[in-house]
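Here is the file final03.txt (compact mmCIF, C-alpha atoms).
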```txt
# COMPACT_ATOMS: atom_id res chain seq x y z
CA MET M 21 69.66 51.88 -195.53
CA LYS M 22 67.28 51.09 -198.37
CA ARG M 23 65.71 48.05 -200.00
CA GLY M 24 68.05 46.35 -202.47
CA GLN M 25 71.23 47.66 -200.84
CA ILE M 26 74.12 45.18 -200.44
CA VAL M 27 75.64 45.04 -196.95
CA ASP M 28 78.28 43.03 -195.08
CA VAL M 29 77.16 41.96 -191.63
CA LEU M 30 78.23 39.70 -188.75
CA ILE M 31 75.63 37.19 -187.46
CA GLU M 32 75.66 38.03 -183.75
CA ASP M 33 72.56 36.10 -182.67
CA THR M 34 69.98 33.64 -184.02
CA LYS M 35 66.35 32.78 -183.38
CA TYR M 36 64.25 29.81 -184.43
CA PRO M 37 64.43 28.53 -187.15
CA SER M 38 68.07 29.53 -187.66
CA ILE M 39 67.22 33.12 -188.53
CA GLY M 40 70.39 35.17 -188.14
CA ILE M 41 70.44 38.58 -186.51
CA GLY M 42 73.06 41.18 -187.33
CA TYR M 43 73.28 44.95 -186.87
CA ILE M 44 73.87 47.81 -189.28
CA ASP M 45 74.22 51.27 -187.76
CA GLY M 46 72.56 49.91 -184.63
CA LYS M 47 69.53 48.53 -186.50
CA ALA M 48 68.80 44.79 -186.60
CA ILE M 49 68.68 42.85 -189.83
CA GLU M 50 67.34 39.27 -189.95
CA MET M 51 68.33 36.59 -192.51
CA LYS M 52 67.15 33.00 -193.01
CA ASN M 53 69.48 29.97 -192.76
CA ALA M 54 72.20 31.92 -191.02
CA VAL M 55 74.92 30.54 -188.77
CA LEU M 56 76.06 32.22 -185.58
CA GLY M 57 79.49 33.82 -185.92
CA GLU M 58 79.52 34.02 -189.71
CA ARG M 59 80.13 37.24 -191.62
CA VAL M 60 77.89 37.41 -194.66
CA ARG M 61 77.12 39.60 -197.63
CA ALA M 62 73.39 40.17 -197.92
CA ARG M 63 70.83 42.13 -199.91
CA ILE M 64 68.27 44.09 -197.88
CA SER M 65 64.95 42.61 -199.04
CA ALA M 66 62.49 44.44 -196.79
CA ILE M 67 62.29 47.27 -194.25
CA ARG M 68 59.27 47.14 -191.96
CA LYS M 69 58.69 49.28 -188.87
CA GLY M 70 62.38 49.89 -188.38
CA LYS M 71 63.26 46.21 -188.84
CA MET M 72 65.19 44.94 -191.83
CA GLU M 73 65.15 41.58 -193.58
CA GLY M 74 67.93 40.38 -195.82
CA LYS M 75 68.84 37.54 -198.15
CA ILE M 76 72.29 36.03 -197.79
CA LEU M 77 74.22 36.26 -201.07
CA GLU M 78 77.58 35.01 -199.91
CA VAL M 79 79.34 33.82 -196.76
CA LEU M 80 82.49 35.92 -196.35
CA ASP M 81 83.81 34.28 -193.18
CA ARG M 82 82.67 30.92 -191.86
CA ASN M 83 81.96 30.18 -188.23
CA PRO M 84 85.33 29.47 -186.53
CA ASN M 85 84.18 25.89 -185.83
CA ALA M 86 83.03 25.17 -189.39
CA VAL M 87 84.06 21.92 -191.06
CA GLN M 88 84.07 20.62 -194.62
CA ALA M 89 80.55 19.49 -195.57
CA ALA M 90 80.37 15.77 -196.29
CA CYS M 91 78.06 16.26 -199.26
CA PRO M 92 79.39 17.61 -202.58
CA HIS M 93 76.00 19.25 -203.21
CA ALA M 94 76.00 21.19 -199.93
CA ALA M 95 77.08 24.55 -201.41
CA PHE M 96 74.07 24.67 -203.77
CA CYS M 97 71.39 22.27 -202.53
CA GLY M 98 68.35 23.70 -200.75
CA GLY M 99 67.91 20.55 -198.65
CA CYS M 100 70.59 20.73 -195.95
CA THR M 101 71.79 24.11 -194.70
CA HIS M 102 74.07 23.21 -191.78
CA GLN M 103 76.28 20.34 -192.94
CA HIS M 104 79.38 22.46 -192.42
CA ILE M 105 78.61 22.65 -188.70
CA LEU M 106 79.57 19.78 -186.39
CA TYR M 107 76.46 17.81 -185.44
CA GLN M 108 76.91 18.35 -181.70
CA GLU M 109 77.03 22.11 -182.36
CA GLN M 110 73.84 21.89 -184.43
CA LEU M 111 72.10 20.26 -181.46
CA LYS M 112 73.26 23.02 -179.11
CA TRP M 113 71.95 25.72 -181.45
CA LYS M 114 68.56 24.07 -181.89
CA GLU M 115 68.29 23.66 -178.14
CA ARG M 116 69.25 27.30 -177.56
CA GLU M 117 66.76 28.65 -180.11
CA VAL M 118 63.80 26.65 -178.76
CA LEU M 119 64.58 27.55 -175.16
CA LYS M 120 64.72 31.22 -176.22
CA LEU M 121 61.17 30.89 -177.61
CA PHE M 122 59.94 29.49 -174.28
CA GLU M 123 61.72 32.25 -172.36
CA LYS M 124 60.32 35.00 -174.59
CA ALA M 125 56.80 33.55 -174.18
CA GLY M 126 57.19 33.62 -170.39
CA ILE M 127 56.85 29.84 -170.10
CA LYS M 128 59.01 28.72 -167.19
CA GLY M 129 59.16 26.47 -164.14
CA PHE M 130 59.25 23.24 -166.14
CA HIS M 131 61.82 20.44 -166.12
CA TYR M 132 63.86 20.44 -169.32
CA ASP M 133 64.84 16.91 -170.29
CA GLY M 134 67.39 17.91 -172.94
CA ILE M 135 67.76 17.26 -176.65
CA ASN M 136 68.09 13.81 -178.20
CA GLN M 137 70.25 13.34 -181.26
CA SER M 138 69.15 11.32 -184.25
CA PRO M 139 70.43 7.72 -184.14
CA LEU M 140 71.86 8.38 -187.60
CA GLU M 141 73.54 11.65 -188.57
CA PHE M 142 73.67 10.64 -192.24
CA GLY M 143 71.55 8.24 -194.29
CA TYR M 144 68.57 8.81 -192.00
CA ARG M 145 65.80 9.79 -194.43
CA ASN M 146 63.27 7.16 -195.45
CA LYS M 147 61.68 9.27 -198.18
CA MET M 148 62.84 11.67 -200.89
CA GLU M 149 60.73 13.60 -203.38
CA LEU M 150 63.01 14.34 -206.33
CA THR M 151 62.13 16.67 -209.19
CA PHE M 152 62.92 16.44 -212.90
CA GLY M 153 64.03 19.77 -214.36
CA ASN M 154 67.20 21.61 -215.30
CA ARG M 155 69.61 23.93 -213.59
CA GLU M 156 69.99 26.38 -216.46
CA LYS M 157 67.53 27.47 -219.12
CA ASP M 158 67.66 25.00 -222.03
CA GLY M 159 70.26 23.01 -220.07
CA GLU M 160 70.55 19.24 -219.73
CA MET M 161 67.82 17.51 -217.73
CA THR M 162 68.51 17.08 -214.01
CA LEU M 163 66.90 15.02 -211.25
CA GLY M 164 67.15 16.05 -207.63
CA LEU M 165 66.37 18.94 -205.30
CA HIS M 166 65.81 22.65 -205.78
CA GLU M 167 68.88 24.85 -205.83
CA SER M 168 69.01 27.01 -202.73
CA GLY M 169 66.99 30.18 -203.24
CA LYS M 170 66.11 29.35 -206.86
CA PHE M 171 62.68 27.76 -207.24
CA TYR M 172 62.98 26.85 -210.93
CA ASN M 173 66.53 25.45 -210.75
CA ILE M 174 66.92 21.73 -210.06
CA ILE M 175 70.33 20.23 -209.28
CA THR M 176 71.09 16.53 -209.66
CA THR M 177 71.59 15.17 -206.14
CA ASP M 178 73.09 11.75 -206.83
CA GLU M 179 75.60 11.87 -203.96
CA CYS M 180 73.20 12.95 -201.21
CA LYS M 181 74.48 12.03 -197.74
CA ILE M 182 71.24 12.03 -195.75
CA VAL M 183 69.78 9.08 -197.70
CA ASP M 184 70.80 5.46 -198.27
CA GLU M 185 73.30 5.06 -201.11
CA ASP M 186 70.63 3.04 -202.94
CA PHE M 187 68.70 6.28 -203.48
CA ASN M 188 71.69 7.84 -205.22
CA GLN M 189 72.23 4.83 -207.44
CA LEU M 190 68.56 4.87 -208.44
CA VAL M 191 68.76 8.58 -209.28
CA ARG M 192 71.75 8.01 -211.55
CA VAL M 193 70.16 5.08 -213.39
CA VAL M 194 66.78 6.76 -213.84
CA LEU M 195 68.27 10.06 -215.00
CA HIS M 196 70.63 8.36 -217.48
CA TYR M 197 67.78 6.32 -218.92
CA CYS M 198 65.38 9.27 -219.24
CA ARG M 199 68.06 11.39 -220.91
CA GLU M 200 68.86 8.54 -223.30
CA LYS M 201 65.18 8.23 -224.26
CA LYS M 202 64.94 12.04 -224.57
CA LEU M 203 61.87 12.16 -222.33
CA PRO M 204 60.83 15.78 -221.70
CA PHE M 205 60.56 17.06 -218.14
CA TYR M 206 57.56 19.14 -217.07
CA ASN M 207 58.20 22.87 -217.45
CA LYS M 208 56.53 24.65 -214.52
CA ILE M 209 56.27 27.94 -216.44
CA LYS M 210 54.94 26.63 -219.75
CA HIS M 211 53.06 23.72 -218.13
CA GLU M 212 54.39 21.42 -220.81
CA GLY M 213 56.30 18.17 -220.56
CA PHE M 214 56.08 14.67 -219.11
CA LEU M 215 58.42 13.80 -216.22
CA ARG M 216 57.63 15.53 -212.92
CA HIS M 217 58.94 13.66 -209.88
CA LEU M 218 60.58 10.49 -208.64
CA VAL M 219 59.61 9.56 -205.09
CA ILE M 220 61.63 6.90 -203.25
CA ARG M 221 60.60 5.40 -199.90
CA LYS M 222 62.54 2.98 -197.71
CA SER M 223 61.77 0.87 -194.68
CA PHE M 224 64.71 0.48 -192.31
CA ARG M 225 63.59 -2.68 -190.47
CA ARG M 226 62.42 -4.57 -193.57
CA ALA M 227 64.96 -3.03 -196.02
CA GLU M 228 62.28 -2.43 -198.65
CA LEU M 229 62.16 0.21 -201.40
CA LEU M 230 59.15 1.73 -203.15
CA LEU M 231 59.61 3.86 -206.29
CA ASN M 232 56.98 6.17 -207.73
CA PHE M 233 57.28 7.98 -211.08
CA ILE M 234 54.99 11.02 -211.25
CA THR M 235 54.26 12.30 -214.76
CA THR M 236 51.69 14.28 -216.69
CA THR M 237 49.38 12.62 -219.22
CA GLN M 238 50.75 14.73 -222.07
CA MET M 239 52.36 11.64 -223.60
CA GLU M 240 52.38 7.88 -223.20
CA PHE M 241 55.47 5.86 -222.37
CA ASP M 242 56.13 2.21 -221.64
CA PHE M 243 58.25 2.00 -218.46
CA SER M 244 58.76 -1.77 -218.64
CA GLU M 245 62.35 -1.54 -219.92
CA LEU M 246 63.31 0.88 -217.12
CA VAL M 247 61.56 -1.32 -214.55
CA GLY M 248 63.69 -4.26 -215.72
CA LYS M 249 66.89 -2.23 -215.40
CA LEU M 250 65.98 -1.15 -211.86
CA LEU M 251 65.13 -4.66 -210.72
CA ASN M 252 68.50 -5.93 -211.97
CA LEU M 253 70.49 -3.43 -209.91
CA LYS M 254 72.63 -4.67 -207.03
CA LEU M 255 71.19 -2.75 -204.08
CA ASN M 256 71.46 -2.94 -200.30
CA ASN M 257 67.67 -2.94 -200.07
CA ARG M 258 64.98 -4.78 -202.06
CA ILE M 259 62.63 -3.05 -204.48
CA VAL M 260 59.13 -4.28 -203.58
CA GLY M 261 57.11 -1.89 -205.71
CA ILE M 262 57.33 0.50 -208.66
CA LEU M 263 54.43 2.83 -209.49
CA HIS M 264 53.48 5.28 -212.22
CA THR M 265 51.30 8.13 -210.94
CA ARG M 266 49.44 10.63 -213.11
CA ASN M 267 49.42 14.31 -212.10
CA ASP M 268 48.27 17.11 -214.41
CA SER M 269 47.74 19.74 -211.71
CA LEU M 270 49.44 23.12 -211.96
CA SER M 271 50.77 22.74 -208.42
CA ASP M 272 54.37 21.65 -207.97
CA ALA M 273 53.30 19.29 -205.19
CA VAL M 274 53.29 15.51 -205.60
CA LEU M 275 49.59 14.77 -206.14
CA ASN M 276 47.81 11.53 -206.96
CA GLU M 277 45.35 11.65 -209.85
CA GLY M 278 45.47 7.89 -210.32
CA TYR M 279 48.31 5.40 -210.56
CA ASP M 280 49.32 2.05 -212.03
CA ILE M 281 51.46 -0.58 -210.34
CA LEU M 282 54.31 -1.38 -212.72
CA PHE M 283 55.84 -3.96 -210.38
CA GLY M 284 55.07 -5.56 -207.03
CA ARG M 285 52.94 -3.66 -204.55
CA ASP M 286 52.08 -0.07 -203.70
CA TYR M 287 53.42 -0.01 -200.14
CA ILE M 288 56.36 -0.86 -197.91
CA LEU M 289 56.29 -2.31 -194.40
CA GLU M 290 58.11 -0.65 -191.51
CA GLU M 291 58.48 -1.77 -187.90
CA ILE M 292 58.35 0.71 -185.02
CA LEU M 293 58.53 -0.37 -181.37
CA GLY M 294 57.38 -3.89 -182.14
CA LEU M 295 54.47 -2.89 -184.40
CA THR M 296 54.26 -3.20 -188.17
CA PHE M 297 53.10 -0.29 -190.31
CA LYS M 298 52.00 -0.37 -193.92
CA ILE M 299 53.21 2.80 -195.64
CA SER M 300 51.60 3.49 -199.00
CA ALA M 301 53.04 5.71 -201.71
CA PHE M 302 51.14 8.75 -200.43
CA SER M 303 50.93 8.07 -196.69
CA PHE M 304 52.43 10.49 -194.20
CA PHE M 305 55.10 8.87 -192.06
CA GLN M 306 57.92 10.42 -190.05
CA THR M 307 60.86 10.75 -192.46
CA ASN M 308 63.39 9.47 -189.90
CA SER M 309 62.20 6.00 -188.84
CA LEU M 310 64.85 5.35 -186.20
CA ALA M 311 64.43 8.77 -184.59
CA ALA M 312 60.65 8.31 -184.70
CA GLU M 313 61.03 5.32 -182.38
CA ARG M 314 62.77 7.58 -179.86
CA LEU M 315 60.14 10.30 -180.31
CA TYR M 316 57.30 7.89 -179.62
CA SER M 317 59.18 6.50 -176.62
CA ILE M 318 59.28 10.01 -175.17
CA VAL M 319 55.52 10.31 -175.69
CA GLN M 320 55.01 7.00 -173.88
CA ASP M 321 57.21 8.16 -171.02
CA TYR M 322 55.37 11.46 -170.67
CA LEU M 323 51.98 9.78 -170.88
CA GLY M 324 52.84 7.64 -167.87
CA ASP M 325 50.46 4.91 -166.75
CA ALA M 326 47.57 4.87 -169.21
CA THR M 327 46.28 1.51 -167.95
CA ASP M 328 42.48 1.28 -168.15
CA LYS M 329 42.25 4.89 -169.37
CA VAL M 330 40.61 6.50 -172.38
CA VAL M 331 43.13 8.41 -174.51
CA TYR M 332 42.41 10.91 -177.29
CA ASP M 333 45.11 11.12 -179.99
CA LEU M 334 44.27 14.29 -181.89
CA TYR M 335 45.74 15.05 -185.33
CA CYS M 336 46.76 11.39 -185.30
CA GLY M 337 47.88 11.10 -188.94
CA THR M 338 48.24 7.43 -189.83
CA GLY M 339 47.72 6.48 -186.19
CA THR M 340 51.26 5.47 -185.23
CA ILE M 341 51.10 7.00 -181.75
CA SER M 342 47.52 5.75 -181.24
CA GLN M 343 48.57 2.15 -181.81
CA ILE M 344 51.70 2.40 -179.65
CA VAL M 345 49.67 3.90 -176.77
CA SER M 346 46.92 1.29 -177.20
CA LYS M 347 49.19 -1.37 -175.66
CA LYS M 348 48.37 0.05 -172.21
CA ALA M 349 45.23 2.18 -172.65
CA ARG M 350 41.69 0.82 -172.32
CA LYS M 351 40.62 2.66 -175.45
CA VAL M 352 42.16 5.18 -177.84
CA TYR M 353 40.31 7.59 -180.15
CA GLY M 354 42.39 8.89 -183.05
CA ILE M 355 41.10 11.87 -185.05
CA GLU M 356 42.64 13.15 -188.29
CA LEU M 357 41.35 15.45 -191.04
CA VAL M 358 42.91 13.52 -193.94
CA GLU M 359 40.62 10.60 -194.75
CA GLU M 360 43.34 8.63 -196.57
CA ALA M 361 45.50 8.77 -193.44
CA ILE M 362 42.64 7.36 -191.37
CA GLU M 363 42.10 4.55 -193.87
CA THR M 364 45.79 3.67 -193.54
CA ALA M 365 45.55 3.86 -189.74
CA ARG M 366 42.65 1.39 -189.74
CA GLU M 367 44.57 -0.98 -192.04
CA ASN M 368 47.61 -0.85 -189.75
CA ALA M 369 45.54 -1.45 -186.63
CA LYS M 370 44.06 -4.53 -188.29
CA LEU M 371 47.54 -5.64 -189.37
CA ASN M 372 48.74 -5.43 -185.76
CA GLY M 373 45.62 -7.06 -184.30
CA ILE M 374 44.71 -3.93 -182.33
CA ILE M 375 41.00 -3.70 -181.45
CA ASN M 376 40.90 -0.95 -178.81
CA VAL M 377 41.57 1.99 -181.17
CA HIS M 378 38.76 3.85 -182.92
CA PHE M 379 39.87 6.09 -185.79
CA ILE M 380 37.72 9.01 -186.94
CA ALA M 381 38.18 11.07 -190.11
CA GLY M 382 37.26 14.75 -189.95
CA ASP M 383 37.98 18.13 -188.42
CA VAL M 384 39.18 17.72 -184.84
CA GLY M 385 36.99 20.53 -183.52
CA LYS M 386 33.83 19.07 -185.04
CA LYS M 387 34.53 15.41 -184.33
CA LEU M 388 35.29 15.98 -180.65
CA LYS M 389 31.63 16.89 -180.18
CA GLU M 390 30.55 13.50 -181.52
CA ILE M 391 32.50 11.30 -179.08
CA GLU M 392 30.39 10.42 -176.06
CA GLU M 393 33.17 8.74 -174.08
CA LYS M 394 35.27 11.45 -172.40
CA PRO M 395 39.09 11.24 -172.23
CA ASP M 396 41.32 10.65 -169.24
CA LEU M 397 44.46 11.72 -171.16
CA ILE M 398 45.00 13.65 -174.41
CA ILE M 399 47.81 13.60 -176.98
CA VAL M 400 48.00 16.32 -179.65
CA ASP M 401 50.33 16.27 -182.66
CA PRO M 402 49.07 19.10 -184.89
CA PRO M 403 50.44 20.32 -188.24
CA ARG M 404 52.91 23.22 -188.40
CA ALA M 405 50.16 25.81 -187.99
CA GLY M 406 49.40 24.49 -184.50
CA ILE M 407 45.95 24.12 -182.91
CA SER M 408 43.21 26.64 -183.65
CA GLU M 409 41.93 28.61 -180.66
CA LYS M 410 38.48 27.03 -181.03
CA ALA M 411 39.80 23.47 -181.01
CA LEU M 412 42.25 24.31 -178.21
CA GLN M 413 39.38 25.57 -176.04
CA GLN M 414 37.50 22.32 -176.59
CA ILE M 415 40.59 20.34 -175.60
CA VAL M 416 41.26 22.20 -172.34
CA ASN M 417 37.55 22.13 -171.45
CA TYR M 418 37.78 18.37 -170.90
CA GLY M 419 39.92 19.18 -167.86
CA VAL M 420 42.07 16.05 -168.14
CA SER M 421 44.94 15.82 -165.68
CA GLU M 422 47.64 15.68 -168.37
CA ILE M 423 48.09 16.57 -172.03
CA VAL M 424 51.09 15.56 -174.17
CA TYR M 425 51.80 18.00 -177.00
CA VAL M 426 54.07 16.87 -179.88
CA SER M 427 55.12 19.72 -182.16
CA CYS M 428 57.11 20.10 -185.37
CA ASN M 429 56.98 23.89 -185.03
CA PRO M 430 58.04 25.36 -181.65
CA LYS M 431 56.88 28.85 -182.72
CA THR M 432 53.20 27.85 -182.92
CA LEU M 433 53.71 25.49 -179.98
CA VAL M 434 54.57 28.27 -177.52
CA GLU M 435 51.55 30.31 -178.65
CA ASN M 436 49.28 27.34 -177.91
CA LEU M 437 51.03 26.73 -174.59
CA LYS M 438 50.40 30.32 -173.48
CA SER M 439 46.67 29.82 -174.12
CA MET M 440 46.71 26.52 -172.25
CA GLU M 441 48.41 28.11 -169.28
CA GLN M 442 45.70 30.76 -169.20
CA ALA M 443 43.18 27.90 -169.11
CA GLY M 444 44.73 26.40 -165.99
CA TYR M 445 47.49 24.14 -167.29
CA ARG M 446 51.22 24.41 -166.77
CA VAL M 447 54.21 23.01 -168.62
CA LYS M 448 55.61 20.23 -166.45
CA ARG M 449 58.30 18.72 -168.72
CA MET M 450 59.79 19.43 -172.15
CA GLN M 451 62.17 17.47 -174.37
CA LEU M 452 63.56 17.93 -177.89
CA MET M 453 64.07 15.23 -180.50
CA ASP M 454 66.23 15.98 -183.52
CA MET M 455 64.59 14.21 -186.45
CA PHE M 456 66.37 16.25 -189.12
CA PRO M 457 70.17 16.56 -188.78
CA HIS M 458 71.79 19.30 -190.89
CA THR M 459 68.52 21.24 -191.18
CA VAL M 460 66.91 23.92 -189.00
CA HIS M 461 64.01 21.71 -187.85
CA VAL M 462 63.47 19.91 -184.55
CA GLU M 463 60.57 18.13 -182.80
CA THR M 464 59.40 19.21 -179.33
CA VAL M 465 57.46 17.11 -176.83
CA VAL M 466 55.74 18.85 -173.90
CA LEU M 467 53.88 17.43 -170.91
CA MET M 468 51.15 19.72 -169.58
CA SER M 469 49.50 19.14 -166.23
CA LYS M 470 46.30 20.57 -164.78
CA LEU M 471 46.81 22.97 -161.88
```

Could you quickly redo this structure as structure tokens?
Amino acid sequence: MKRGQIVDVLIEDTKYPSIGIGYIDGKAIEMKNAVLGERVRARISAIRKGKMEGKILEVLDRNPNAVQAACPHAAFCGGCTHQHILYQEQLKWKEREVLKLFEKAGIKGFHYDGINQSPLEFGYRNKMELTFGNREKDGEMTLGLHESGKFYNIITTDECKIVDEDFNQLVRVVLHYCREKKLPFYNKIKHEGFLRHLVIRKSFRRAELLLNFITTTQMEFDFSELVGKLLNLKLNNRIVGILHTRNDSLSDAVLNEGYDILFGRDYILEEILGLTFKISAFSFFQTNSLAAERLYSIVQDYLGDATDKVVYDLYCGTGTISQIVSKKARKVYGIELVEEAIETARENAKLNGIINVHFIAGDVGKKLKEIEEKPDLIIVDPPRAGISEKALQQIVNYGVSEIVYVSCNPKTLVENLKSMEQAGYRVKRMQLMDMFPHTVHVETVVLMSKL
């Protein structure tokens, strides 16, 4: 076997996140976004220490239980990878892969509370970041998501099934208008052009929409005619704001270098478990609002009776969990590195009339040293990279009776859990929440108790 060689292989096993494992001449080869039971054609992309990595080029034989994907973009879009698998099967595979991680890490003896499915299998996303580009060199302008495995290729996703149909209608209208006006899209290689992204956000409880056009400053354009067209559309939801954001950075990320409000306001309002949250154009918020309610309910359940207790909510983001927990706790301290997220958290706490939450902006490890009032309970919800060893040591040194760990990446989660077990904690309960149907991702909630 050598790098670049094309091979046909059966996916005999998988590991998180949906990495397929097959065998060639007795040697394992691993491939991303694979499905158990499929036979694929792959190119060997790397050989390291006897292990091979491959890139799937073609699926020769589908899994015996495969179904027709609901979305017409499924064969090419890089967004969903598992639409051709029945949703209940997807849940079983996610469950299996996470439990394998726990088993491999030697974490056992806990009560597994199962996996929760998303309340909506389709139409569940409340936010989409769409890119202007083209699918072929010098081809017609497109607006949508990246083609699977091709960073520079953008396909028009105007029939996407994991968003509200309003999103698709908006994509069609915006793309038609921008083509008609011959507005140039931003070329990521030449760093030339105008149109970069269209970001759409939706609130489920209030049925509000917020649109944000992200462009360079390489030309000026009056969006008022397009704004009028959008406001005259017959939609299921109501457009409450349209923004124009400037971004001249070389990064492909959606960045804010200043914006103008073209219509309405620069935020939507969402309701979660009886509380109202203001979500600005650039705020982080769970992308599945209805599943987020279930996720936060699990956290509440695991936290137990927090009455008259001091709770630390670390890596708190915009403070959603902090405010939900505050209903019972005596006081909650929320710490988050991103200052804008903390500003939003403070606004939302004021909006909900919550006075027993104190939000702090800064590095968790540093800010923990500044809080004089010690915690009775701790919640952690870190980014994908998990908790650093230094910060983790500070957390376990408090010696609180219970810690609730919310994770979007079970791989870094189990590494942190092993360190916590060495520090005298044990995993008491664990539960999965599927926030992202048809993708490889899943949220994990763990309750740790002090031995």

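The gap separating CA of Arg446 in chain M from CA of Glu117 in chain M is 20.9 Å, in Å to one decimal.
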
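From CA of Ile407 in chain M back to CA of Leu121 in chain M, the distance works out to 17.5 Å.
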
Per residue of range 360-452 of chain M within 10 Å of range 22-38 of chain M, note the shortest atom pair and the distance in Å to one decimal, counting all atoms listed in the file, and order the rows by chain and increasing residue number, as CSV.
```
residue,atom,partner,partner_atom,distance
M:Asn429,CA,M:Pro37,CA,9.0
M:Pro430,CA,M:Tyr36,CA,8.1
M:Lys431,CA,M:Tyr36,CA,7.6
```

ask   = If we count only C-alpha atoms, what is near Ala89 in chain M at a cut-off of 10 Å, once residues fewer than 2 positions away on the same chain are taken out, given as an MDAnalysis selection string?
value = chainID M and resid 86:87 91:95 101:106 181 458

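Closest approach to Gln414 in chain M among M:Leu111, M:Val55, M:Ile398, M:Val330: M:Ile398, based on all atoms listed in the file.
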
Separation of CA of Asn232 in chain M from CA of Glu360 in chain M in Å = 17.8 Å

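The residue that comes closest to Lys254 in chain M, out of M:Ile415, M:Ala125, M:Val352, M:Leu190 and on the basis of only C-alpha atoms, is M:Leu190.
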
query = Taking all atoms listed in the file into account, which of M:Ser439, M:Ser138, M:Ser269, M:Asn83 comes nearest Ala311 in chain M?
reply = M:Ser138

Write out as JSON lines the residues of range 238-289 of chain M that have any atom within 12 Å of an atom of range 151-170 of chain M, one row each with the nearest atom pair and its distance in Å to one decimal, counting all atoms listed in the file, sorted by chain and then rising number.
```
{"residue": "M:Asp272", "atom": "CA", "partner": "M:Thr151", "partner_atom": "CA", "distance": 9.3}
{"residue": "M:Ala273", "atom": "CA", "partner": "M:Thr151", "partner_atom": "CA", "distance": 10.0}
{"residue": "M:Val274", "atom": "CA", "partner": "M:Thr151", "partner_atom": "CA", "distance": 9.6}
```

task = For range 403-406 of chain M, list every protein, DNA or RNA residue within 9 Å, evaluated using only C-alpha atoms, and leave out those in the same chain fewer than 6 positions away; present the list as a list in words.
result = Tyr335, Ser427, Cys428, Asn429, Pro430, Lys431, Thr432, Leu433, Glu435 and Asn436 of chain M

remark   = Among M:Glu240, M:Lys386, M:Arg192, M:Leu412, Phe214 in chain M is approached most closely, using all atoms listed in the file, by M:Glu240

task = Choose the residue, out of M:Ser65, M:Ser300, M:Gln238, M:Ser309, that has the smallest atom-to-atom separation from Thr338 in chain M; count all atoms listed in the file.
result = M:Ser300
